[in-house]
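Student: Structure below; questions to follow.
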Amino acid sequence: MNIEKITEKTAALLAAALTLFQIYTALYMPLPGMAQRAVHLGLGLAIVYLYYPKKRPEKKSLKTLSYLAGFICAVIALTACFNVVFHWGEMAKPMRLAIPWQSDRIFGVLLVCLVLWGTKKVTGWAMPLIAVFFLCYAYFGQYMPGMFKHAGVKFGNLISMSYMCTEGIFSSILGVSTDQVFIFLLFGQLLESLGGSEFFLDWANSGFGKLRGGPAKVSIFGSALFGSISGSAVANVVGTGTITIPLMKKVGYDSAYAGAVESVASTGGLIMPPVMGAAAFIMADIVGITYWQVCLAALIPAILYYLALFITVHLRAKALDLRGIPEEELPDGKKLLKEKGYIYLPPLIVLIVVLGVFQYPAYRACIYCCILLLALSMTKKELRQVMKREWFHILVKTAKSSMTVIMACSCAGLILMSLQTSGLILKLSNILIAMAGGRLWLLMILVMIGSLIMGMGLPASACYIILAILAAPSLVALGVPTIAAHLFVLYFGAMSAITPPVAMAAFAAAPIAEEGAAKIGFTAFKMALPAFLIAFCFGFQPELVMIGTWYGIAFAFVNCVLGVAAMSIGIQGYFQTKLSPVYRGTWVLCGVLLILPQLPLTIAGYLIGAALCVLERKNMAVMKANS
């Protein structure tokens, strides 16, 4: 057996071990937090170094060297982390933290380097470079100019805080990956492997496929469900787009539009309750609220996001006089629910009820849903065969899908520790507020630009972590509610997937749609403009994130629904008939006024909207009389 096969088998065994460890700890929680996180990271790092790089050198000697280097790094990572598992109690004593042993320094330096390089392998250069910058800032603080100057943190203290306590690599951010995110990834992998994604797409097809422009509406519904569970816009595009994009083209949507619809729908999954990907769990920990509260806060923005997309594709279908899929080609919805619905729907319903009504911890609710899904799937012979054949691969795939979150969370711990020890975290808000001149709208624009730029090179969860540390506190300092500030940075970190020039969701859709990524990205960006405006209202209209009285929330929601509809009409350029540029601009203005929170603007929006509707009725009457 050659080294390549040995590496693959070792990586697979470690991945399966990591998943089994996570299931066991989710059920019994036998270890202290520090030890549990150390096992989680040690196995995760070992898998990263065995699995990456995916593309090895072609020359045999260099290829062998690459695999050997991976093995060495994996062994060092496991040794350093299991040293924490077995000795964390001794290492946490004040005297040893103040004056680390030589072995602590060696293991600490090695683990910091392995985390930084492992993060680069999984997420790219952006996040580890940010971490290195802030580590250097913490150490060389006495040489910094002006207000950035500080006393500097001793090397020994940096190592002890990075490696020996819950302030650095093993921070509470990694704890979120350990305790909660991993189990939800397992739930998503089980759903996918047991045919859940196909069921939801077929179910969406049975309900929306026959409607005007049906496949686009199927894409919206299916991607909202699948993307919420997968937590990745790119994975969502690849998973659902291979079915929905060809169907959209078949009924008459052009390639760029079909790719754009799937890109926007897939990106929205990251902000769609009840799962919302990994970032929502991290947000709950950072903000200090329950996961269910995060879901409630994200509900109205998610509804408005998908409503804007739904109206847009419907108007496009009307403008092009598109039809749906012939009814004889669609699956039977009732039959589908009867045969498969009892397997895939109860776990999601139980998840919502257990989280929302009984207020169980998110990981406990999810592990119950995994058990329920497995129990229900055993009632079908073909699914029993799938589990018998695929159980090991499900364990492995779950662990591999967690690598991005594990590395992002461990690297984020280094960033947060550097900011705290240097005192910069207290100064950053003042710096950003000074740049914006104390104006909230300008600060939100600066944070939006930072979120979009950061999101171009990072997964949504990693992007959110950095911006939650660096930018969200400045929004809170200017009066934005904490949950609204954090949703704002999450929203735009996710939206970077459809924002040119690096619109990763558009790049994923391009080969499926057989269209240029730039054209898809621009079309997707234009579709999502109402959602951009709604996100800006988080700071000025907290009712959108469920803060306020019920009638205030209802009033804001209705205004935004009408505003989203008006903006979508203007952007699409069609209502009952094709609109002239002047009418399009007026509809967009109407939508903007309705969405903005000031009452005089809202009234003006209603008046303009009413006038446009009256004019549209008159135009239709004239057209009918002339015909």
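In the structure tokens, each chain is lettered A, B, ... as it comes, each chain's residues begin at 1, and ligands are numbered from 1 in order of appearance.
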At a cut-off of 7 Å, using only C-alpha atoms, what residues contact stretch 6-20 of chain A? Leave out same-chain residues fewer than 6 positions from it and give the result as a PDB file with all heavy atoms, in the first residue's frame.
Tutor:
```pdb
ATOM      1  N   HIS A  40     -11.345  18.176  19.838  1.00  0.00           N
ATOM      2  CA  HIS A  40     -12.007  18.664  18.616  1.00  0.00           C
ATOM      3  C   HIS A  40     -10.985  19.281  17.665  1.00  0.00           C
ATOM      4  O   HIS A  40     -10.946  18.944  16.469  1.00  0.00           O
ATOM      5  CB  HIS A  40     -13.059  19.694  19.043  1.00  0.00           C
ATOM      6  CG  HIS A  40     -13.865  20.281  17.931  1.00  0.00           C
ATOM      7  ND1 HIS A  40     -14.867  19.599  17.288  1.00  0.00           N
ATOM      8  CD2 HIS A  40     -13.836  21.520  17.358  1.00  0.00           C
ATOM      9  CE1 HIS A  40     -15.430  20.379  16.367  1.00  0.00           C
ATOM     10  NE2 HIS A  40     -14.817  21.545  16.390  1.00  0.00           N
ATOM     11  N   LEU A  43      -8.049  16.597  16.381  1.00  0.00           N
ATOM     12  CA  LEU A  43      -8.511  15.733  15.295  1.00  0.00           C
ATOM     13  C   LEU A  43      -8.770  16.549  14.034  1.00  0.00           C
ATOM     14  O   LEU A  43      -8.424  16.128  12.922  1.00  0.00           O
ATOM     15  CB  LEU A  43      -9.783  14.995  15.719  1.00  0.00           C
ATOM     16  CG  LEU A  43      -9.606  13.923  16.800  1.00  0.00           C
ATOM     17  CD1 LEU A  43     -10.954  13.422  17.298  1.00  0.00           C
ATOM     18  CD2 LEU A  43      -8.774  12.747  16.266  1.00  0.00           C
ATOM     19  N   ILE A  47      -6.818  16.089  10.403  1.00  0.00           N
ATOM     20  CA  ILE A  47      -7.539  15.826   9.146  1.00  0.00           C
ATOM     21  C   ILE A  47      -7.153  16.850   8.090  1.00  0.00           C
ATOM     22  O   ILE A  47      -6.947  16.510   6.917  1.00  0.00           O
ATOM     23  CB  ILE A  47      -9.064  15.850   9.398  1.00  0.00           C
ATOM     24  CG1 ILE A  47      -9.460  14.708  10.338  1.00  0.00           C
ATOM     25  CG2 ILE A  47      -9.832  15.721   8.083  1.00  0.00           C
ATOM     26  CD1 ILE A  47     -10.829  14.866  10.953  1.00  0.00           C
ATOM     27  N   LEU A  50      -3.725  16.078   6.664  1.00  0.00           N
ATOM     28  CA  LEU A  50      -3.719  14.858   5.858  1.00  0.00           C
ATOM     29  C   LEU A  50      -4.512  15.031   4.565  1.00  0.00           C
ATOM     30  O   LEU A  50      -4.188  14.437   3.541  1.00  0.00           O
ATOM     31  CB  LEU A  50      -4.290  13.687   6.663  1.00  0.00           C
ATOM     32  CG  LEU A  50      -3.453  13.211   7.855  1.00  0.00           C
ATOM     33  CD1 LEU A  50      -4.222  12.164   8.643  1.00  0.00           C
ATOM     34  CD2 LEU A  50      -2.108  12.669   7.420  1.00  0.00           C
ATOM     35  N   TYR A  51      -5.548  15.867   4.629  1.00  0.00           N
ATOM     36  CA  TYR A  51      -6.464  16.022   3.488  1.00  0.00           C
ATOM     37  C   TYR A  51      -5.998  17.090   2.503  1.00  0.00           C
ATOM     38  O   TYR A  51      -6.216  16.986   1.305  1.00  0.00           O
ATOM     39  CB  TYR A  51      -7.854  16.359   4.017  1.00  0.00           C
ATOM     40  CG  TYR A  51      -8.939  16.401   2.979  1.00  0.00           C
ATOM     41  CD1 TYR A  51      -9.244  15.279   2.211  1.00  0.00           C
ATOM     42  CD2 TYR A  51      -9.679  17.558   2.771  1.00  0.00           C
ATOM     43  CE1 TYR A  51     -10.251  15.311   1.272  1.00  0.00           C
ATOM     44  CE2 TYR A  51     -10.690  17.601   1.816  1.00  0.00           C
ATOM     45  CZ  TYR A  51     -10.969  16.475   1.077  1.00  0.00           C
ATOM     46  OH  TYR A  51     -11.968  16.522   0.137  1.00  0.00           O
ATOM     47  N   PHE A 392     -20.368   4.949   7.205  1.00  0.00           N
ATOM     48  CA  PHE A 392     -18.986   5.404   7.439  1.00  0.00           C
ATOM     49  C   PHE A 392     -18.706   6.679   6.639  1.00  0.00           C
ATOM     50  O   PHE A 392     -18.085   7.625   7.141  1.00  0.00           O
ATOM     51  CB  PHE A 392     -18.004   4.295   7.056  1.00  0.00           C
ATOM     52  CG  PHE A 392     -16.571   4.642   7.363  1.00  0.00           C
ATOM     53  CD1 PHE A 392     -16.086   4.569   8.649  1.00  0.00           C
ATOM     54  CD2 PHE A 392     -15.708   5.050   6.350  1.00  0.00           C
ATOM     55  CE1 PHE A 392     -14.760   4.893   8.939  1.00  0.00           C
ATOM     56  CE2 PHE A 392     -14.385   5.376   6.623  1.00  0.00           C
ATOM     57  CZ  PHE A 392     -13.913   5.291   7.922  1.00  0.00           C
ATOM     58  N   LEU A 395     -20.143   9.737   8.332  1.00  0.00           N
ATOM     59  CA  LEU A 395     -19.273  10.205   9.417  1.00  0.00           C
ATOM     60  C   LEU A 395     -18.102  11.006   8.862  1.00  0.00           C
ATOM     61  O   LEU A 395     -17.753  12.078   9.380  1.00  0.00           O
ATOM     62  CB  LEU A 395     -18.749   9.008  10.228  1.00  0.00           C
ATOM     63  CG  LEU A 395     -19.781   8.145  10.959  1.00  0.00           C
ATOM     64  CD1 LEU A 395     -19.088   6.987  11.658  1.00  0.00           C
ATOM     65  CD2 LEU A 395     -20.563   8.974  11.968  1.00  0.00           C
ATOM     66  N   VAL A 396     -17.491  10.493   7.793  1.00  0.00           N
ATOM     67  CA  VAL A 396     -16.318  11.148   7.211  1.00  0.00           C
ATOM     68  C   VAL A 396     -16.697  12.488   6.572  1.00  0.00           C
ATOM     69  O   VAL A 396     -16.023  13.508   6.781  1.00  0.00           O
ATOM     70  CB  VAL A 396     -15.644  10.226   6.170  1.00  0.00           C
ATOM     71  CG1 VAL A 396     -14.535  10.960   5.419  1.00  0.00           C
ATOM     72  CG2 VAL A 396     -15.087   8.979   6.850  1.00  0.00           C
ATOM     73  N   THR A 398     -19.191  14.434   7.207  1.00  0.00           N
ATOM     74  CA  THR A 398     -19.554  15.425   8.229  1.00  0.00           C
ATOM     75  C   THR A 398     -18.308  16.084   8.795  1.00  0.00           C
ATOM     76  O   THR A 398     -18.246  17.316   8.931  1.00  0.00           O
ATOM     77  CB  THR A 398     -20.351  14.757   9.368  1.00  0.00           C
ATOM     78  OG1 THR A 398     -21.521  14.152   8.830  1.00  0.00           O
ATOM     79  CG2 THR A 398     -20.742  15.772  10.415  1.00  0.00           C
ATOM     80  N   ALA A 399     -17.315  15.272   9.135  1.00  0.00           N
ATOM     81  CA  ALA A 399     -16.075  15.823   9.700  1.00  0.00           C
ATOM     82  C   ALA A 399     -15.365  16.724   8.699  1.00  0.00           C
ATOM     83  O   ALA A 399     -14.890  17.809   9.044  1.00  0.00           O
ATOM     84  CB  ALA A 399     -15.161  14.686  10.148  1.00  0.00           C
ATOM     85  N   LYS A 400     -15.309  16.290   7.445  1.00  0.00           N
ATOM     86  CA  LYS A 400     -14.633  17.106   6.425  1.00  0.00           C
ATOM     87  C   LYS A 400     -15.359  18.429   6.197  1.00  0.00           C
ATOM     88  O   LYS A 400     -14.729  19.463   5.976  1.00  0.00           O
ATOM     89  CB  LYS A 400     -14.513  16.318   5.118  1.00  0.00           C
ATOM     90  CG  LYS A 400     -13.443  15.229   5.160  1.00  0.00           C
ATOM     91  CD  LYS A 400     -13.308  14.523   3.820  1.00  0.00           C
ATOM     92  CE  LYS A 400     -12.184  13.491   3.846  1.00  0.00           C
ATOM     93  NZ  LYS A 400     -12.051  12.783   2.537  1.00  0.00           N
TER      94      LYS A 400
END
```
Student: Just want the 6 Å neighbourhood of stretch 202-208 of chain A, counted on only C-alpha atoms, with same-chain residues fewer than 5 positions away dropped. Output as a ChimeraX atom specification.
Tutor: /A:214,218,330-331,333
Student: Could you take the residues named above and write them with N, CA and C atoms, as an mmCIF file, in the first residue's frame?
Tutor:
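Okay, part05.cif is ready:
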```cif
data_model
loop_
_atom_site.group_PDB
_atom_site.id
_atom_site.type_symbol
_atom_site.label_atom_id
_atom_site.label_comp_id
_atom_site.auth_asym_id
_atom_site.auth_seq_id
_atom_site.Cartn_x
_atom_site.Cartn_y
_atom_site.Cartn_z
ATOM 1 N N GLY A 214 -42.414 28.619 -13.082
ATOM 2 C CA GLY A 214 -42.333 27.739 -11.928
ATOM 3 C C GLY A 214 -40.955 27.336 -11.448
ATOM 4 N N VAL A 218 -39.380 27.329 -7.656
ATOM 5 C CA VAL A 218 -38.877 26.105 -7.037
ATOM 6 C C VAL A 218 -37.469 26.350 -6.495
ATOM 7 N N LEU A 330 -44.640 16.811 -13.450
ATOM 8 C CA LEU A 330 -44.355 17.169 -12.063
ATOM 9 C C LEU A 330 -44.622 16.004 -11.122
ATOM 10 N N PRO A 331 -43.890 15.944 -10.010
ATOM 11 C CA PRO A 331 -44.198 14.899 -9.021
ATOM 12 C C PRO A 331 -45.527 15.183 -8.340
ATOM 13 N N GLY A 333 -47.531 15.887 -5.305
ATOM 14 C CA GLY A 333 -47.208 16.392 -3.975
ATOM 15 C C GLY A 333 -47.808 15.564 -2.857
#
```
Student: Atom CA of A:Ala280 to atom CA of A:Val294: how many Å, to one decimal?
Tutor: 6.7 Å
Student: Pick out the closest residue to A:Ile553 from this set: A:Leu299, A:Ile130, A:Ile286, A:Leu185. Count only C-alpha atoms.
Tutor: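 The answer is A:Leu299, which sits nearest to A:Ile553.
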Student: As a list in words, please: the residues near A:Ile445 (cut-off 12 Å, only C-alpha atoms, same-chain neighbours under 4 positions excluded).
Tutor: Leu432, Ile433, Met435, Ala436, Arg439, Leu440, Trp441, Ile449, Gly450, Ser451, Leu452, Ala471, Leu475, Phe488, Val489, Phe492, Phe532, Leu533, Ala535, Phe536, Cys537 and Gly539 of chain A
Student: If you measure from atom CA of A:Ile243 to atom CA of A:Leu270, what distance in Å do you get, rounded to one decimal?
Tutor: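 The value is 20.1 Å.
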Student: Compile the contact shell of stretch 586-602 of chain A as a PyMOL selection string: residues with an atom at most 12 Å away, counting only C-alpha atoms, same-chain residues fewer than 3 positions apart removed.
Tutor: chain A and resi 301+304+308+529-544+552-553+555-575+579-583+605-613+616
Student: Excluding A:Thr267 and any residue of its chain fewer than 3 positions from it, enumerate the residues within 9 Å of it, using only C-alpha atoms, and give them as a PyMOL selection string.
Tutor: chain A and resi 223-224+227+231-234+236-237+262-264+270-271+494-498+505
Student: Could you turn the residues from that selection into a file that holds all heavy atoms, as a compact mmCIF listing (two decimals), in the first residue's frame?
Tutor:
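In the end it all went to part-v1.txt:
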```
# COMPACT_ATOMS: atom_id res chain seq x y z
N SER A 223 -33.85 26.28 -2.38
CA SER A 223 -32.57 26.82 -1.93
C SER A 223 -32.68 27.41 -0.53
O SER A 223 -31.71 27.36 0.24
CB SER A 223 -32.07 27.89 -2.90
OG SER A 223 -31.80 27.32 -4.17
N ALA A 224 -33.83 27.99 -0.19
CA ALA A 224 -34.02 28.52 1.16
C ALA A 224 -33.90 27.40 2.19
O ALA A 224 -33.24 27.55 3.22
CB ALA A 224 -35.37 29.20 1.27
N GLY A 227 -30.16 25.66 1.71
CA GLY A 227 -29.10 26.57 2.10
C GLY A 227 -29.06 26.83 3.58
O GLY A 227 -28.00 27.01 4.18
N GLY A 231 -25.50 25.90 4.98
CA GLY A 231 -24.73 27.04 5.46
C GLY A 231 -23.69 27.54 4.49
O GLY A 231 -22.83 28.33 4.85
N SER A 232 -23.75 27.12 3.23
CA SER A 232 -22.78 27.54 2.23
C SER A 232 -23.50 27.89 0.94
O SER A 232 -24.21 27.05 0.39
CB SER A 232 -21.76 26.42 1.97
OG SER A 232 -20.99 26.69 0.82
N ALA A 233 -23.32 29.13 0.48
CA ALA A 233 -23.97 29.55 -0.77
C ALA A 233 -23.46 28.74 -1.95
O ALA A 233 -24.25 28.33 -2.81
CB ALA A 233 -23.72 31.04 -0.99
N VAL A 234 -22.16 28.51 -2.00
CA VAL A 234 -21.58 27.77 -3.13
C VAL A 234 -22.08 26.33 -3.14
O VAL A 234 -22.48 25.81 -4.19
CB VAL A 234 -20.04 27.81 -3.06
CG1 VAL A 234 -19.43 26.90 -4.12
CG2 VAL A 234 -19.54 29.24 -3.25
N ASN A 236 -24.79 25.26 -1.89
CA ASN A 236 -26.22 25.32 -2.21
C ASN A 236 -26.43 25.44 -3.72
O ASN A 236 -27.29 24.76 -4.30
CB ASN A 236 -26.84 26.52 -1.49
CG ASN A 236 -28.35 26.42 -1.40
OD1 ASN A 236 -28.96 25.51 -1.93
ND2 ASN A 236 -28.95 27.38 -0.73
N VAL A 237 -25.65 26.31 -4.37
CA VAL A 237 -25.76 26.47 -5.83
C VAL A 237 -25.46 25.14 -6.53
O VAL A 237 -26.20 24.72 -7.42
CB VAL A 237 -24.79 27.56 -6.33
CG1 VAL A 237 -24.72 27.54 -7.85
CG2 VAL A 237 -25.25 28.94 -5.86
N GLU A 262 -30.68 31.43 -8.98
CA GLU A 262 -30.14 30.39 -8.10
C GLU A 262 -29.09 30.94 -7.15
O GLU A 262 -29.04 30.57 -5.97
CB GLU A 262 -29.55 29.25 -8.94
CG GLU A 262 -28.98 28.10 -8.12
CD GLU A 262 -30.01 27.47 -7.19
OE1 GLU A 262 -31.14 27.22 -7.63
OE2 GLU A 262 -29.67 27.25 -6.01
N SER A 263 -28.25 31.85 -7.62
CA SER A 263 -27.21 32.45 -6.77
C SER A 263 -27.82 33.24 -5.62
O SER A 263 -27.40 33.10 -4.46
CB SER A 263 -26.30 33.37 -7.61
OG SER A 263 -25.66 32.65 -8.62
N VAL A 264 -28.81 34.08 -5.93
CA VAL A 264 -29.45 34.90 -4.89
C VAL A 264 -30.22 34.00 -3.91
O VAL A 264 -30.16 34.20 -2.69
CB VAL A 264 -30.39 35.95 -5.51
CG1 VAL A 264 -31.10 36.76 -4.44
CG2 VAL A 264 -29.62 36.89 -6.43
N LEU A 270 -28.17 31.44 4.03
CA LEU A 270 -27.28 31.73 5.15
C LEU A 270 -27.96 32.58 6.22
O LEU A 270 -27.49 32.66 7.36
CB LEU A 270 -26.02 32.45 4.66
CG LEU A 270 -25.21 31.72 3.58
CD1 LEU A 270 -24.04 32.57 3.15
CD2 LEU A 270 -24.72 30.38 4.08
N ILE A 271 -29.05 33.28 5.85
CA ILE A 271 -29.76 34.12 6.82
C ILE A 271 -31.18 33.61 7.05
O ILE A 271 -32.02 34.32 7.57
CB ILE A 271 -29.79 35.59 6.36
CG1 ILE A 271 -30.42 35.69 4.95
CG2 ILE A 271 -28.41 36.20 6.36
CD1 ILE A 271 -30.83 37.09 4.56
N ALA A 494 -22.57 37.61 4.05
CA ALA A 494 -23.22 36.62 3.18
C ALA A 494 -23.44 37.18 1.78
O ALA A 494 -23.25 36.48 0.79
CB ALA A 494 -24.56 36.19 3.79
N MET A 495 -23.85 38.47 1.70
CA MET A 495 -24.17 39.07 0.40
C MET A 495 -22.95 39.21 -0.51
O MET A 495 -23.09 39.41 -1.71
CB MET A 495 -24.80 40.44 0.61
CG MET A 495 -26.15 40.40 1.32
SD MET A 495 -27.45 39.68 0.32
CE MET A 495 -27.99 41.12 -0.57
N SER A 496 -21.76 39.10 0.07
CA SER A 496 -20.55 39.17 -0.77
C SER A 496 -20.52 38.03 -1.79
O SER A 496 -19.84 38.13 -2.81
CB SER A 496 -19.29 39.11 0.11
OG SER A 496 -19.22 37.86 0.78
N ALA A 497 -21.29 36.96 -1.53
CA ALA A 497 -21.33 35.83 -2.46
C ALA A 497 -21.98 36.20 -3.79
O ALA A 497 -21.81 35.49 -4.78
CB ALA A 497 -22.07 34.65 -1.83
N ILE A 498 -22.74 37.31 -3.81
CA ILE A 498 -23.39 37.75 -5.07
C ILE A 498 -23.01 39.18 -5.43
O ILE A 498 -23.68 39.82 -6.24
CB ILE A 498 -24.93 37.62 -4.98
CG1 ILE A 498 -25.47 38.32 -3.74
CG2 ILE A 498 -25.36 36.17 -5.02
CD1 ILE A 498 -26.97 38.44 -3.70
N ALA A 505 -20.89 32.74 -5.47
CA ALA A 505 -22.09 31.98 -5.85
C ALA A 505 -22.30 32.06 -7.36
O ALA A 505 -22.72 31.09 -7.99
CB ALA A 505 -23.31 32.52 -5.11
```
Student: Give me every helix (DSSP H, G or I) residue in stretch 126-244 of chain A, going by DSSP on the backbone, as a PyMOL selection string.
Tutor: chain A and resi 126-139+141-143+146-148+155-163+172-193+196-208+214-230+233-244
Student: With distances taken over only C-alpha atoms, which residue among A:Arg37, A:Lys63, A:Arg364, A:Lys121 lies nearest A:Trp88?
Tutor: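 Selected residue with least distance to A:Trp88: A:Arg37.
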Student: Name all residues at most 8 Å from A:Ala524 (count only C-alpha atoms; drop same-chain ones fewer than 4 positions away) and give them as a ChimeraX atom specification.
Tutor: /A:257,260-261,263-264,498-499,506,520,528
Student: Which residue out of A:Arg316, A:His486, A:Lys397, A:Arg105 has the minimum interatomic distance to A:Val545 when only C-alpha atoms are used?
Tutor: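 The answer is A:His486, which sits nearest to A:Val545.
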